[in-house]
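Trainee: For reference, this is coords_24.cif, and it has mmCIF, C-alpha atoms.
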data_run
loop_
_atom_site.label_atom_id
_atom_site.label_comp_id
_atom_site.auth_asym_id
_atom_site.auth_seq_id
_atom_site.Cartn_x
_atom_site.Cartn_y
_atom_site.Cartn_z
CA MET H 1 31.61 -66.12 -24.30
CA ARG H 2 34.17 -65.04 -21.71
CA LYS H 3 36.50 -63.75 -24.44
CA THR H 4 33.73 -61.63 -25.97
CA LEU H 5 32.90 -60.15 -22.56
CA ILE H 6 36.55 -59.33 -21.93
CA ARG H 7 36.75 -57.70 -25.39
CA TYR H 8 33.72 -55.50 -24.63
CA ILE H 9 35.15 -54.52 -21.26
CA ALA H 10 38.50 -53.67 -22.91
CA ILE H 11 36.75 -51.51 -25.51
CA ALA H 12 34.75 -49.75 -22.80
CA ILE H 13 37.87 -49.06 -20.72
CA THR H 14 39.74 -47.77 -23.80
CA LEU H 15 36.86 -45.44 -24.60
CA VAL H 16 36.77 -44.17 -21.01
CA LEU H 17 40.55 -43.60 -21.10
CA LEU H 18 40.28 -41.80 -24.43
CA PHE H 19 37.51 -39.62 -23.04
CA ILE H 20 39.54 -38.77 -19.92
CA PHE H 21 42.61 -38.01 -22.05
CA ALA H 22 40.57 -35.78 -24.39
CA ARG H 23 39.16 -33.93 -21.37
CA GLN H 24 42.63 -33.42 -19.93
CA MET H 25 43.80 -32.01 -23.26
CA LYS H 26 40.65 -29.84 -23.35
CA TRP H 27 39.64 -31.24 -26.76
CA ILE H 28 36.09 -31.74 -25.54
CA PRO H 29 34.19 -29.49 -23.11
CA SER H 30 33.24 -30.68 -19.64
CA TRP H 31 29.63 -30.92 -18.45
CA SER H 32 30.12 -27.80 -16.38
CA ASP H 33 31.46 -25.97 -19.48
CA ILE H 34 28.42 -26.98 -21.53
CA PHE H 35 26.09 -25.56 -18.88
CA SER H 36 28.16 -22.56 -17.86
CA PRO H 37 27.07 -19.21 -19.33
CA ARG H 38 29.17 -17.76 -22.16
CA PRO H 39 31.09 -14.62 -21.13
CA VAL H 40 29.63 -11.34 -22.35
CA VAL H 41 32.26 -9.53 -24.39
CA ILE H 42 31.97 -5.82 -25.18
CA ASP H 43 32.32 -4.50 -28.72
CA ASN H 44 35.50 -2.72 -29.71
CA THR H 45 34.19 0.85 -29.88
CA PRO H 46 36.41 3.89 -30.51
CA ILE H 47 38.04 5.87 -27.71
CA LEU H 48 37.58 9.62 -28.00
CA ILE H 49 39.94 12.17 -26.45
CA LYS H 50 37.89 14.80 -24.64
CA GLU H 51 40.63 16.82 -22.95
CA ILE H 52 44.40 16.98 -22.65
CA ASN H 53 45.79 18.74 -19.58
CA GLU H 54 49.38 19.59 -18.78
CA LEU H 55 50.45 18.53 -15.28
CA SER H 56 53.47 18.75 -13.00
CA GLN H 57 52.29 16.48 -10.19
CA LEU H 58 55.01 14.82 -8.19
CA THR H 59 53.31 11.78 -6.64
CA THR H 60 55.26 10.86 -3.56
CA VAL H 61 53.00 8.49 -1.60
CA THR H 62 50.32 5.98 -2.53
CA ALA H 63 48.00 4.42 0.04
CA TYR H 64 46.58 1.04 -0.94
CA ASP H 65 43.40 0.03 0.85
CA GLU H 66 40.40 -2.25 0.82
CA VAL H 67 37.08 -0.79 1.95
CA VAL H 68 33.51 -2.00 2.43
CA ALA H 69 30.53 0.19 1.64
CA ASP H 70 26.87 -0.72 1.92
CA SER H 71 23.36 0.57 1.64
CA PHE H 72 20.08 -0.72 3.08
CA ARG H 73 16.43 0.12 2.48
CA VAL H 74 13.02 -1.38 3.13
CA ALA H 75 12.28 -4.03 0.54
CA LYS H 76 9.81 -2.77 -2.06
CA ASN H 77 8.07 -6.13 -2.35
CA ASP H 78 7.75 -6.60 1.37
CA MET H 79 3.97 -6.93 1.63
CA LEU H 80 3.87 -8.03 5.26
CA PRO H 81 3.97 -4.57 6.89
CA SER H 82 1.28 -3.22 4.54
CA LEU H 83 -0.97 -6.23 5.07
CA PHE H 84 -0.50 -6.43 8.83
CA PRO H 85 0.60 -3.00 10.00
CA ILE H 86 1.80 -3.24 13.59
CA PRO H 87 2.79 0.16 15.01
CA GLY H 88 6.34 0.34 16.30
CA VAL H 89 7.45 -2.87 14.63
CA LEU H 90 10.17 -2.70 11.99
CA PRO H 91 9.56 -4.22 8.57
CA VAL H 92 10.82 -7.79 8.36
CA SER H 93 12.93 -7.66 5.19
CA MET H 94 15.44 -5.20 3.80
CA ASP H 95 17.10 -4.74 0.45
CA ARG H 96 20.84 -4.47 0.78
CA ILE H 97 23.93 -3.99 -1.31
CA VAL H 98 27.42 -4.57 0.03
CA LEU H 99 30.45 -3.72 -2.10
CA VAL H 100 34.11 -4.40 -1.41
CA GLY H 101 36.52 -2.06 -3.18
CA LYS H 102 40.27 -2.42 -3.45
CA GLY H 103 41.91 0.80 -4.59
CA ARG H 104 44.53 3.44 -3.97
CA VAL H 105 44.89 7.08 -3.01
CA THR H 106 47.80 9.06 -4.39
CA ALA H 107 49.24 12.21 -2.89
CA GLY H 108 52.14 14.48 -3.56
CA ILE H 109 53.28 17.95 -4.46
CA ASP H 110 51.94 19.99 -7.33
CA LEU H 111 55.13 21.52 -8.71
CA LYS H 112 53.09 23.80 -10.98
CA LYS H 113 52.29 25.85 -7.89
CA ILE H 114 55.94 26.85 -7.39
CA LYS H 115 56.24 30.53 -8.31
CA GLU H 116 59.36 32.53 -9.08
CA GLU H 117 59.15 34.23 -5.67
CA ASP H 118 59.29 30.79 -3.99
CA ILE H 119 62.88 30.28 -5.20
CA HIS H 120 65.83 32.16 -3.69
CA ILE H 121 69.30 31.34 -4.99
CA ASP H 122 72.65 32.52 -3.64
CA LYS H 123 75.66 30.90 -5.37
CA ASP H 124 75.43 27.19 -4.48
CA SER H 125 72.69 27.55 -1.88
CA ILE H 126 68.97 27.49 -2.56
CA CYS H 127 65.92 28.29 -0.45
CA LEU H 128 62.70 26.82 -1.81
CA ARG H 129 59.12 27.14 -0.65
CA LEU H 130 57.33 23.95 -1.62
CA PRO H 131 53.54 23.89 -1.84
CA ALA H 132 51.75 21.69 0.69
CA ALA H 133 51.10 18.07 -0.27
CA GLU H 134 47.62 17.26 -1.56
CA VAL H 135 45.55 14.26 -2.57
CA PHE H 136 45.76 13.83 -6.35
CA ASP H 137 43.60 10.79 -7.04
CA ALA H 138 41.47 8.19 -5.33
CA ILE H 139 41.32 5.30 -7.76
CA LEU H 140 38.55 2.75 -7.40
CA ASN H 141 37.83 1.50 -10.89
CA PRO H 142 34.96 -0.86 -11.83
CA ALA H 143 37.42 -3.77 -11.91
CA ASP H 144 38.39 -2.99 -8.30
CA PHE H 145 34.89 -3.67 -6.94
CA ASP H 146 33.46 -6.94 -5.76
CA THR H 147 29.76 -7.31 -5.03
CA PHE H 148 29.57 -9.15 -1.72
CA ALA H 149 25.77 -9.05 -1.51
CA GLU H 150 22.99 -7.60 -3.62
CA ASP H 151 19.43 -8.23 -2.48
CA GLY H 152 16.59 -6.44 -4.22
CA GLU H 153 16.71 -4.19 -7.23
CA TRP H 154 19.32 -1.43 -7.14
CA THR H 155 19.45 1.16 -9.89
CA PRO H 156 22.87 1.99 -11.40
CA GLU H 157 22.56 5.46 -9.81
CA ALA H 158 22.03 3.97 -6.34
CA VAL H 159 25.06 1.69 -6.83
CA THR H 160 27.12 4.71 -7.90
CA GLN H 161 26.27 6.40 -4.59
CA VAL H 162 27.55 3.34 -2.68
CA LYS H 163 30.77 3.39 -4.72
CA ILE H 164 31.26 7.09 -4.01
CA LYS H 165 30.79 6.27 -0.31
CA ALA H 166 33.53 3.63 -0.62
CA ARG H 167 35.88 6.12 -2.28
CA GLU H 168 35.28 8.75 0.41
CA LYS H 169 35.94 6.14 3.09
CA MET H 170 39.20 5.18 1.37
CA ILE H 171 40.35 8.83 1.25
CA ARG H 172 39.39 9.35 4.91
CA ARG H 173 41.34 6.28 6.01
CA ALA H 174 44.38 7.30 3.94
CA LEU H 175 44.39 10.74 5.55
CA GLN H 176 44.09 9.16 9.00
CA GLN H 177 47.20 7.12 8.20
CA GLY H 178 49.15 10.35 7.75
CA LEU H 179 49.22 10.32 3.96
CA LEU H 180 49.83 14.04 3.55
CA THR H 181 52.59 14.22 6.20
CA ARG H 182 54.42 11.34 4.49
CA ALA H 183 53.84 12.93 1.08
CA ASP H 184 55.31 16.24 2.29
CA ALA H 185 58.40 14.58 3.78
CA LYS H 186 59.04 12.40 0.72
CA GLY H 187 58.51 15.39 -1.59
CA LYS H 188 61.16 17.38 0.26
CA GLN H 189 63.56 14.43 0.17
CA LEU H 190 63.07 14.00 -3.59
CA MET H 191 63.55 17.68 -4.31
CA GLU H 192 66.63 17.73 -2.07
CA ASN H 193 68.15 14.83 -4.02
CA PHE H 194 67.32 16.47 -7.33
CA LEU H 195 68.67 19.89 -6.35
CA GLY H 196 71.79 18.29 -4.86
CA GLY H 197 72.31 16.39 -8.11
CA ILE H 198 72.14 19.54 -10.23
CA GLY H 199 74.82 21.31 -8.21
CA PHE H 200 73.33 22.93 -5.10
CA SER H 201 75.22 22.07 -1.93
CA LYS H 202 73.02 23.96 0.59
CA ILE H 203 69.30 23.33 0.30
CA HIS H 204 66.69 24.86 2.59
CA PHE H 205 62.93 24.48 2.55
CA GLN H 206 60.56 27.10 3.91
CA MET U 1 44.22 -60.20 -18.46
CA VAL U 2 42.76 -59.14 -15.10
CA LYS U 3 46.11 -57.50 -14.27
CA LEU U 4 45.97 -55.57 -17.53
CA PHE U 5 42.47 -54.29 -16.71
CA SER U 6 43.59 -53.34 -13.22
CA PHE U 7 46.45 -51.37 -14.77
CA PHE U 8 44.08 -49.55 -17.17
CA LEU U 9 41.70 -48.81 -14.32
CA LEU U 10 44.51 -47.41 -12.20
CA CYS U 11 45.67 -45.24 -15.11
CA ALA U 12 42.12 -43.94 -15.53
CA LEU U 13 41.87 -43.09 -11.82
CA VAL U 14 45.26 -41.34 -11.83
CA LEU U 15 44.32 -39.29 -14.90
CA ALA U 16 40.98 -38.36 -13.39
CA ALA U 17 42.68 -37.31 -10.18
CA CYS U 18 45.21 -35.10 -12.00
CA ARG U 19 43.13 -31.94 -12.13
CA ARG U 20 44.80 -28.68 -12.88
CA SER U 21 44.80 -26.51 -9.82
CA GLU U 22 44.17 -22.80 -10.39
CA PRO U 23 46.93 -20.54 -9.02
CA ASN U 24 46.00 -18.69 -5.86
CA GLU U 25 45.24 -15.03 -6.29
CA LYS U 26 48.33 -13.01 -5.41
CA GLU U 27 47.91 -11.40 -2.06
CA GLU U 28 48.65 -7.73 -2.04
CA ILE U 29 50.06 -5.73 0.81
CA LEU U 30 47.75 -2.91 1.74
CA ALA U 31 49.89 -0.06 3.02
CA LEU U 32 51.46 3.29 2.31
CA LYS U 33 54.05 3.13 -0.43
CA GLU U 34 56.56 5.84 -1.26
CA MET U 35 56.68 6.87 -4.91
CA SER U 36 58.53 9.35 -7.07
CA ASP U 37 56.40 9.73 -10.18
CA LEU U 38 56.22 13.02 -11.98
CA ALA U 39 52.90 13.05 -13.88
CA THR U 40 53.17 15.48 -16.78
CA VAL U 41 50.01 14.87 -18.77
CA GLU U 42 46.41 13.91 -18.24
CA TYR U 43 44.12 12.62 -20.98
CA VAL U 44 40.38 12.56 -20.41
CA VAL U 45 38.83 9.99 -22.75
CA THR U 46 35.30 8.75 -23.37
CA LYS U 47 34.03 5.44 -24.67
CA ILE U 48 30.74 3.72 -25.37
CA ILE U 49 30.42 0.25 -23.85
CA ARG U 50 28.18 -1.91 -26.01
CA ALA U 51 27.42 -5.55 -25.23
CA SER U 52 24.77 -8.13 -25.91
CA ASP U 53 24.29 -11.29 -23.91
CA ASP U 54 22.94 -13.79 -26.43
CA LYS U 55 25.67 -16.41 -26.65
CA THR U 56 24.45 -18.84 -23.96
CA TRP U 57 22.40 -21.53 -25.70
CA TYR U 58 20.06 -22.41 -22.82
CA LYS U 59 19.04 -18.84 -22.00
CA PHE U 60 16.01 -17.66 -23.93
CA GLY U 61 15.85 -14.08 -25.04
CA ASP U 62 18.54 -11.40 -25.36
CA ARG U 63 19.94 -8.79 -23.04
CA LYS U 64 21.57 -5.70 -24.50
CA ILE U 65 23.25 -2.85 -22.71
CA LEU U 66 24.73 0.46 -23.75
CA MET U 67 26.83 2.39 -21.26
CA SER U 68 28.99 5.47 -21.55
CA CYS U 69 32.15 5.99 -19.57
CA GLN U 70 34.83 8.58 -19.04
CA ALA U 71 38.32 7.79 -17.85
CA THR U 72 41.33 9.90 -16.90
CA LEU U 73 44.76 8.62 -17.88
CA LYS U 74 47.92 10.06 -16.38
CA ALA U 75 51.41 9.55 -17.73
CA GLY U 76 54.79 10.73 -16.61
CA ILE U 77 58.31 9.81 -15.66
CA ASP U 78 59.79 8.00 -12.69
CA PHE U 79 61.93 10.54 -10.86
CA SER U 80 63.72 7.86 -8.82
CA LYS U 81 65.35 6.51 -11.99
CA ILE U 82 67.39 9.69 -12.46
CA SER U 83 70.87 9.02 -11.10
CA GLU U 84 73.97 11.21 -10.81
CA ASN U 85 75.29 9.64 -14.03
CA ASP U 86 72.31 11.11 -15.90
CA ILE U 87 73.31 14.68 -15.03
CA THR U 88 76.20 16.51 -16.71
CA ILE U 89 77.03 20.11 -15.74
CA HIS U 90 79.44 22.49 -17.51
CA GLY U 91 79.17 25.93 -15.92
CA LYS U 92 75.73 27.30 -16.85
CA GLU U 93 75.05 24.39 -19.20
CA ILE U 94 73.27 21.28 -17.99
CA SER U 95 72.44 18.01 -19.69
CA LEU U 96 69.87 15.67 -18.16
CA ARG U 97 68.87 12.17 -19.23
CA LEU U 98 65.34 11.25 -18.17
CA PRO U 99 63.69 7.83 -18.18
CA HIS U 100 61.02 7.19 -20.82
CA ALA U 101 57.45 8.11 -19.91
CA ARG U 102 54.99 5.45 -18.83
CA LEU U 103 51.28 5.23 -18.10
CA MET U 104 50.84 5.89 -14.39
CA SER U 105 47.15 5.60 -13.73
CA LEU U 106 43.74 5.11 -15.21
CA ASN U 107 40.87 6.45 -13.19
CA MET U 108 37.29 5.61 -14.12
CA LYS U 109 35.17 7.33 -11.50
CA PRO U 110 31.88 5.64 -10.54
CA GLU U 111 29.93 8.81 -11.41
CA ASP U 112 31.47 8.81 -14.90
CA LEU U 113 29.96 5.42 -15.76
CA LYS U 114 26.36 5.69 -16.92
CA VAL U 115 23.84 3.18 -18.24
CA GLU U 116 22.36 4.86 -21.32
CA TYR U 117 20.07 2.10 -22.53
CA GLN U 118 19.28 -1.51 -21.86
CA GLU U 119 16.96 -4.01 -23.46
CA ILE U 120 16.06 -7.07 -21.41
CA GLY U 121 14.06 -9.99 -22.78
CA ILE U 122 11.02 -11.01 -20.71
CA LEU U 123 12.66 -14.29 -19.71
CA ARG U 124 15.91 -12.62 -18.66
CA SER U 125 16.96 -10.77 -15.53
CA ASP U 126 18.51 -7.28 -15.43
CA PHE U 127 22.28 -6.84 -15.57
CA SER U 128 23.53 -7.04 -12.00
CA THR U 129 26.06 -4.62 -10.49
CA GLN U 130 28.79 -7.27 -10.81
CA GLU U 131 27.96 -7.83 -14.49
CA ARG U 132 27.97 -4.10 -15.26
CA ASP U 133 31.31 -3.77 -13.46
CA GLN U 134 32.75 -6.64 -15.48
CA LEU U 135 31.73 -4.92 -18.72
CA ALA U 136 33.24 -1.65 -17.54
CA ALA U 137 36.41 -3.52 -16.56
CA GLN U 138 36.70 -4.75 -20.15
CA ALA U 139 36.39 -1.14 -21.35
CA GLN U 140 39.08 -0.18 -18.83
CA LYS U 141 41.41 -2.80 -20.33
CA GLN U 142 40.68 -1.62 -23.88
CA ILE U 143 41.50 1.97 -22.89
CA GLU U 144 44.71 0.87 -21.15
CA GLY U 145 45.70 -1.13 -24.23
CA SER U 146 45.13 1.89 -26.50
CA ALA U 147 47.02 4.37 -24.33
CA GLU U 148 50.14 4.30 -26.46
CA ALA U 149 48.15 4.72 -29.66
CA LEU U 150 46.52 7.82 -28.17
CA GLY U 151 49.98 9.42 -28.01
CA ILE U 152 49.92 10.01 -24.26
CA LEU U 153 53.52 8.85 -23.74
CA GLN U 154 54.92 11.19 -26.39
CA THR U 155 52.95 14.13 -24.99
CA SER U 156 54.12 13.21 -21.51
CA GLU U 157 57.79 13.27 -22.55
CA THR U 158 57.37 16.60 -24.35
CA ASN U 159 55.69 18.10 -21.26
CA ALA U 160 58.34 16.64 -18.92
CA ALA U 161 61.11 18.15 -21.06
CA LEU U 162 59.35 21.53 -21.06
CA PHE U 163 58.69 21.52 -17.32
CA ILE U 164 62.21 20.48 -16.32
CA THR U 165 63.79 22.92 -18.78
CA ASN U 166 61.74 25.77 -17.32
CA LEU U 167 62.57 24.69 -13.77
CA LEU U 168 66.30 24.47 -14.49
CA LYS U 169 66.24 27.89 -16.18
CA GLN U 170 64.51 29.30 -13.08
CA LEU U 171 67.33 27.74 -11.06
CA GLY U 172 69.93 29.67 -13.04
CA TYR U 173 70.97 27.42 -15.93
CA GLU U 174 71.18 29.12 -19.31
CA LYS U 175 71.41 26.10 -21.60
CA VAL U 176 69.45 22.94 -20.90
CA ARG U 177 69.59 19.67 -22.83
CA ILE U 178 67.09 16.91 -22.11
CA ASN U 179 67.43 13.32 -23.35
CA PHE U 180 65.05 10.42 -22.95
CA GLY U 181 66.88 7.12 -22.77
CA SER U 182 69.42 7.61 -25.53
CA GLN U 183 67.38 9.97 -27.72
CA GLU U 184 67.82 13.72 -27.36
CA THR U 185 64.79 16.03 -27.16
CA THR U 186 64.94 19.77 -27.62
CA PRO U 187 61.79 21.30 -26.18
CA ASN U 188 60.13 24.03 -28.19
CA LEU U 189 60.01 26.85 -25.69
CA ASN U 190 59.30 29.72 -28.08
#
Take the structure I supplied and represent it as structure tokens, if you would.
Mentor:
Amino acid sequence: MRKTLIRYIAIAITLVLLFIFARQMKWIPSWSDIFSPRPVVIDNTPILIKEINELSQLTTVTAYDEVVADSFRVAKNDMLPSLFPIPGVLPVSMDRIVLVGKGRVTAGIDLKKIKEEDIHIDKDSICLRLPAAEVFDAILNPADFDTFAEDGEWTPEAVTQVKIKAREKMIRRALQQGLLTRADAKGKQLMENFLGGIGFSKIHFQ
Amino acid sequence: MVKLFSFFLLCALVLAACRRSEPNEKEEILALKEMSDLATVEYVVTKIIRASDDKTWYKFGDRKILMSCQATLKAGIDFSKISENDITIHGKEISLRLPHARLMSLNMKPEDLKVEYQEIGILRSDFSTQERDQLAAQAQKQIEGSAEALGILQTSETNAALFITNLLKQLGYEKVRINFGSQETTPNLN
């Protein structure tokens, strides 16, 4: 009787060990995997080229930043104020959306704007008028956003407005950090190195 | 026999405790970074994002979504990789070796992502902002992966050669040779 019991216990332990081993090797799914939703995968649709533009943008500075943008409104399904209207009292619930975006703003010098009259050469000396630095891109792609909170129903258009707000905030903060001043200085340094490398010994910027 | 069981039990506990820990997300430094990228071409591309959420066995009913997106890809060369060894000058003749072009950015503006159509089963909820962003992020990856096939790098190198040739001619050089890596490119200036 005791031997049979020990045999059953041994079989049970072996089965448990086999199960644990199979889980570790990922041969069988876990309970959480069985009840976790399957990822939604997009179809492989073609990519169409709409435009091709020639550029000469010398990006000299990139500002990386993380911004928060939100929007609030009175909840549509908030029946309390309509049922018990109390003048001067704010509605009790609000719909809100809070997004966190991690992106970058690039700035530099558009070399396409250099005209012939901006270049003056005399033997090995050059005087160059560089255009002022400008913001080229503010990149906040869909993958760069995190939804921190979303209460109520928000249309895609309303969400787009919040994202635009985040992008504008990112540009504003980058400019406050002195993005364009740094871009100007780095642009001059790069052009100086390049012009020095191609044989000019005296380089002046206007 | 009891010792043997204790050993098995211990093994089972150790195995159960050995869970794979996920690597921590790499922390990024948020700051101003100096660059030296010369972007020479911009491709504006469009794509339809089509997905249906019907793979989860315990969710009843389907959800389908159709979105359209537009993205801007920029490619160019890294100016900082040009060293003195890459420049050879003989009088009014100059030879310049440039680094190969690379994809510099992909910008999918929020206003360029539009939900065209969606079909939600009565037992299902709408696609949330996070879910729509995840689908758009997949499209972003597909576009990034296809960048080379779109020919953006070749166009970028051709444009870079043209731009630098013109600039060097403005600076007084009569003959300009541009190479990328080890391969020589003669821009068609007409």
Trainee: Under the PyMOL selection byres ((chain U and resi 62) around 10), which residues of this model are included? Write them out as a list in words.
Mentor: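 Taken on the displayed file, the PyMOL selection byres ((chain U and resi 62) around 10) yields the residues Ser52, Asp53, Asp54, Lys55, Thr56, Lys59, Phe60, Gly61, Arg63, Lys64, Glu119, Ile120, Gly121, Ile122, Leu123, Arg124 and Ser125 of chain U.
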Trainee: Mind listing as an MDAnalysis selection string which residues of chain H are within 6 Å of chain U, counting all atoms listed in the file?
Mentor: chainID H and resid 17 37:38 40 42:43 47:65 139 141:143 147 160
Trainee: Given all atoms listed in the file as the basis, pick out the residue of U:Arg97, U:Glu157, U:Ala149, U:Lys92 nearest to Glu174 in chain U.
Mentor: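 Closest residue, counting all atoms listed in the file: U:Lys92.
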Trainee: Compare H:Phe205, H:Phe200, H:Trp31, H:Phe21 by their minimum atom-to-atom distance to Pro131 in chain H, counting only C-alpha atoms, and give me the closest one.
Mentor: H:Phe205
Trainee: Kindly give the distance, in Å, that separates CA of Lys188 in chain H and CA of Thr106 in chain H, rounded to a single decimal.
Mentor: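 Taking CA of Lys188 in chain H and CA of Thr106 in chain H, their separation equals 16.4 Å.
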Trainee: Which neighbours of Ala185 in chain H fall inside 10 Å, counting all atoms listed in the file, when residues of the same chain fewer than 4 positions from it are skipped, and could you give them as a PyMOL selection string?
Mentor: chain H and resi 60-61+108+133+180-181+189-190
Trainee: Pick out the closest residue to Lys169 in chain H from this set: H:Lys102, H:Arg7, H:Arg23, H:Arg129. Count only C-alpha atoms.
Mentor: H:Lys102
Trainee: So the first atom is CA of Lys202 in chain H and the second is CA of Ala161 in chain U; what is the distance between them in Å, to one decimal place?
Mentor: 25.4 Å
Trainee: Can you tell me, as a PyMOL selection string, what residues are no more than 12 Å from Lys165 in chain H when counting all atoms listed in the file, ignoring any on the same chain fewer than 3 positions away?
Mentor: (chain H and resi 67-71+98-101+138+140+158-162+168-172) or (chain U and resi 110-111)
Trainee: As an exercise, work out the distance from CA of Glu93 in chain U to CA of Ile114 in chain H in Å and give it to one decimal place.
Mentor: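 Taking CA of Glu93 in chain U as the start and CA of Ile114 in chain H as the end point, the length is 22.6 Å.
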Trainee: Restore N, CA and C atoms in range 124-144 of chain H and list the result as an mmCIF file, in the frame of the given file.
Mentor:
data_model
loop_
_atom_site.group_PDB
_atom_site.id
_atom_site.type_symbol
_atom_site.label_atom_id
_atom_site.label_comp_id
_atom_site.auth_asym_id
_atom_site.auth_seq_id
_atom_site.Cartn_x
_atom_site.Cartn_y
_atom_site.Cartn_z
ATOM 1 N N ASP H 124 75.789 28.619 -4.454
ATOM 2 C CA ASP H 124 75.430 27.190 -4.480
ATOM 3 C C ASP H 124 74.385 26.832 -3.418
ATOM 4 N N SER H 125 73.743 27.856 -2.856
ATOM 5 C CA SER H 125 72.690 27.550 -1.880
ATOM 6 C C SER H 125 71.328 27.987 -2.420
ATOM 7 N N ILE H 126 70.315 27.214 -2.066
ATOM 8 C CA ILE H 126 68.970 27.490 -2.560
ATOM 9 C C ILE H 126 67.966 27.383 -1.417
ATOM 10 N N CYS H 127 67.015 28.315 -1.424
ATOM 11 C CA CYS H 127 65.920 28.290 -0.450
ATOM 12 C C CYS H 127 64.625 28.174 -1.258
ATOM 13 N N LEU H 128 63.892 27.115 -0.995
ATOM 14 C CA LEU H 128 62.700 26.820 -1.810
ATOM 15 C C LEU H 128 61.471 26.670 -0.934
ATOM 16 N N ARG H 129 60.389 27.331 -1.366
ATOM 17 C CA ARG H 129 59.120 27.140 -0.650
ATOM 18 C C ARG H 129 58.274 26.173 -1.467
ATOM 19 N N LEU H 130 58.111 24.970 -0.901
ATOM 20 C CA LEU H 130 57.330 23.950 -1.620
ATOM 21 C C LEU H 130 55.857 24.051 -1.242
ATOM 22 N N PRO H 131 54.965 23.887 -2.207
ATOM 23 C CA PRO H 131 53.540 23.890 -1.840
ATOM 24 C C PRO H 131 53.197 22.673 -0.971
ATOM 25 N N ALA H 132 52.142 22.796 -0.199
ATOM 26 C CA ALA H 132 51.750 21.690 0.690
ATOM 27 C C ALA H 132 51.276 20.493 -0.127
ATOM 28 N N ALA H 133 51.515 19.300 0.427
ATOM 29 C CA ALA H 133 51.100 18.070 -0.270
ATOM 30 C C ALA H 133 49.567 18.001 -0.331
ATOM 31 N N GLU H 134 49.079 17.392 -1.386
ATOM 32 C CA GLU H 134 47.620 17.260 -1.560
ATOM 33 C C GLU H 134 47.275 15.897 -2.157
ATOM 34 N N VAL H 135 46.012 15.534 -2.003
ATOM 35 C CA VAL H 135 45.550 14.260 -2.570
ATOM 36 C C VAL H 135 45.308 14.491 -4.067
ATOM 37 N N PHE H 136 45.932 13.684 -4.908
ATOM 38 C CA PHE H 136 45.760 13.830 -6.350
ATOM 39 C C PHE H 136 44.594 12.969 -6.858
ATOM 40 N N ASP H 137 44.617 11.712 -6.512
ATOM 41 C CA ASP H 137 43.600 10.790 -7.040
ATOM 42 C C ASP H 137 43.182 9.768 -5.998
ATOM 43 N N ALA H 138 41.943 9.354 -6.094
ATOM 44 C CA ALA H 138 41.470 8.190 -5.330
ATOM 45 C C ALA H 138 40.925 7.239 -6.396
ATOM 46 N N ILE H 139 41.657 6.182 -6.631
ATOM 47 C CA ILE H 139 41.320 5.300 -7.760
ATOM 48 C C ILE H 139 40.616 4.043 -7.290
ATOM 49 N N LEU H 140 39.354 3.949 -7.662
ATOM 50 C CA LEU H 140 38.550 2.750 -7.400
ATOM 51 C C LEU H 140 37.793 2.493 -8.709
ATOM 52 N N ASN H 141 38.412 1.755 -9.578
ATOM 53 C CA ASN H 141 37.830 1.500 -10.890
ATOM 54 C C ASN H 141 36.790 0.380 -10.821
ATOM 55 N N PRO H 142 35.964 0.229 -11.859
ATOM 56 C CA PRO H 142 34.960 -0.860 -11.830
ATOM 57 C C PRO H 142 35.570 -2.230 -11.573
ATOM 58 N N ALA H 143 36.776 -2.472 -12.099
ATOM 59 C CA ALA H 143 37.420 -3.770 -11.910
ATOM 60 C C ALA H 143 37.871 -3.978 -10.454
ATOM 61 N N ASP H 144 37.914 -2.892 -9.687
ATOM 62 C CA ASP H 144 38.390 -2.990 -8.300
ATOM 63 C C ASP H 144 37.264 -3.318 -7.318
#
